[in-house]
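Student: Pasting a structure here, questions to come.
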Amino acid sequence: MSSLVLLPPNSSSPFSRCYVAHRTFIHGRSSAPNVLRCELSEPLNGRPHVPVLNDQILPKFLQSKRLENAGNKNSNNRIKIFSGTANTALSQETAWHMGLNLGKIHIKRFADGEIYVQLQESVRGCDVYLVQPTCPPANENLMELLVMIDACRRASAKNITAVIPYFGYARADRKTQGRESIAAKLVANLITESGADRVLACDLHSGQSMGYFDIPVDHVYCQPVILDYLASKKICSSDLVVVSPDVGGVARARAFAKKLSDAPLAIVDKRRQGHNVAEVMNLIGDVKGKVAVMVDDMIDTAGTIAKGAALLHEEGAREVYACSTHAVFSPPAIERLSSGLFQEVIITNTIPVMEKNYFPQLTVLSVANLLGETIWRVHDDCSVSSIFQ
């Protein structure tokens with residue numbers, strides 16, 4: 001996993017003349033610093049920043065397999081990657097990083113809403129990877145994934161891996177009051193019974209969700225992608241504080257802060273009165289005069305993170321950044337995020353962001369190379385956890 005080393009400041013500005021270096025660790029060995037840098041594009045007509053990674057200087061642990069296969073695409077016909085309709089752009093980019101082409105598949109919906117799936121190439125004896133996040137509309141995309149898995153199973157695929165960049169229903173992972181369902185377990189059962197042999201998911205809402213599956217689960221952490229981008233911001237160590245928007249995200253924020261040269265941690269204490277309704281009570285920690293980086297796994301209606309940002313400003317934070325892997329962006333999230341509370345909102349492309357939801361402070365980072373490397377390691381029976389160590 002990438003680690004950031006934030007050097008001491010030499011000016012009062014958090015970004016102007018401070019230097020930041022980061023170092024990539026590969027199987028316990030440290031490579032040279034500044035391996036991966038981001039070339040930042042300027043916002044245009046309200047479009048988000050979309051950092052472009054220089055192809056020639058990708059970290060070795062992310063470029064090895066893609067470069068190995070780039071000269072002879074689809075040379076390994078025992079691996080097939082198919083995309084659902086939920087996030088075709090991410091699927092295509094992931095396949096490109098792997099040096100492969102997406103498999104041919106026909107997906108349509110009948111007049112009554114039923115889903116039809118037909119594989120248009122043979123998968124007999126192949127390792128098949130189906131890329132489909134269960135993002136909104138969650139039920140349609142989930143059902144589409146199940147039908148895709150069933151089609152592969154009936155076509156005699158050797159192994160079927162459901163690549164789920166965003167796992168919907170993950171928040172329903174326990175009973176908080178009587179007579180509630182645990183939908184995360186139900187969805188895990190559906191994926192398993194449909195014929196999947198393995199699940200590959202990004203930043204699950206809670207770690208215990210992996211235990212709901214009766215098949216192997218590879219958990220992909222997207223922190224390295226966000227950390228590498230933050231490295232380009234040149235935030236000084238003494239100006240930085242990592243903030244968890246709620247008590248439940250403390251472990252996530254602590255791990256994030258540890259990679260930011262053991263930055264101090266603050267916690268927003270909130271009391272939830274109902275689903276998608278949050279009330280901020282107080283702040284645990286000191287943010288006065290600092291650059292606050294709020295870390296969460298997803299942004300849904302942005303009620304929690306927006307109220308937390310408002311509290312941080314009241315407590316004297318100089319700037320507030322929001323970092324999240326999954327951009328669900330249910331209304332009125334865009335209005336809250338673009339209201340001026342945030343210096344920048346940093347997300348990944350595990351969920352596609354519609355053009356109408358772009359706003360100037362938005363930055364979208366790609367996890368395609370991370371997914372591609374993980375898929376290759378699963379296919380080659382190599383360690384996945386070593387990517388993040």
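If you're wondering about the labels, chains in the structure tokens are A, B, ... by order shown, residues count from 1 in each chain, ligands from 1 in order shown.
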Going by DSSP on the backbone, which residues of stretch 135-325 of chain A come out as alpha helix (DSSP H)? List them as a PyMOL selection string.
Tutor: chain A and resi 138-154+183-194+223-232+250-259+303-314
Student: Tell me, which residues of stretch 256-381 of chain A carry DSSP strand (DSSP E), written as number ranges by chain?
Tutor: A: 265-274, 277-284, 291-299, 319-327, 344-348, 362-365
Student: Given the choices A:Arg174, A:Lys259, A:Arg254, A:Lys290, which gets closest to A:Ser238 if the distance is worked out from only C-alpha atoms?
Tutor: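 That would be A:Lys290, the residue with the smallest distance to A:Ser238.
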Student: Pick from A:Phe82, A:Phe110, A:Phe213, A:Trp96: nearest to A:Val123, with only C-alpha atoms counted?
Tutor: A:Phe82
Student: Residues at most 10 Å from stretch 305-315 of chain A, counting only C-alpha atoms, excluding those fewer than 3 positions away in the same chain, as number ranges by chain?
Tutor: A: 243-246, 266-270, 278-283, 285-296, 298-302, 318-323, 333, 336-342
Student: Find the spatial neighbours of A:Leu102, counting only C-alpha atoms, within a cut-off of 7 Å - ignore same-chain residues fewer than 6 positions away - and output them as a list of chain:residue names.
Tutor: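 Near A:Leu102, the qualifying residues are A:Ile81, A:Phe82, A:Gln92, A:Ala95.
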Student: Show me, as a Markdown table, the residues of stretch 294-327 of chain A having an atom within 9 Å of stretch 197-208 of chain A, each with the closest atom pair and its distance in Å, using only C-alpha atoms.
Tutor:
| residue | atom | partner | partner_atom | distance |
| --- | --- | --- | --- | --- |
| A:Asp297 | CA | A:His205 | CA | 6.4 |
| A:Met298 | CA | A:His205 | CA | 8.0 |
| A:Thr325 | CA | A:Asp203 | CA | 7.2 |
| A:His326 | CA | A:Asp203 | CA | 8.4 |
Student: Please provide the set of residues having any atom within 12 Å of A:Tyr169, restricted to only C-alpha atoms, with same-chain residues fewer than 5 positions apart removed, written as a VMD selection string.
Tutor: chain A and resid 133 to 139 142 174 181 to 188 204 to 206 209
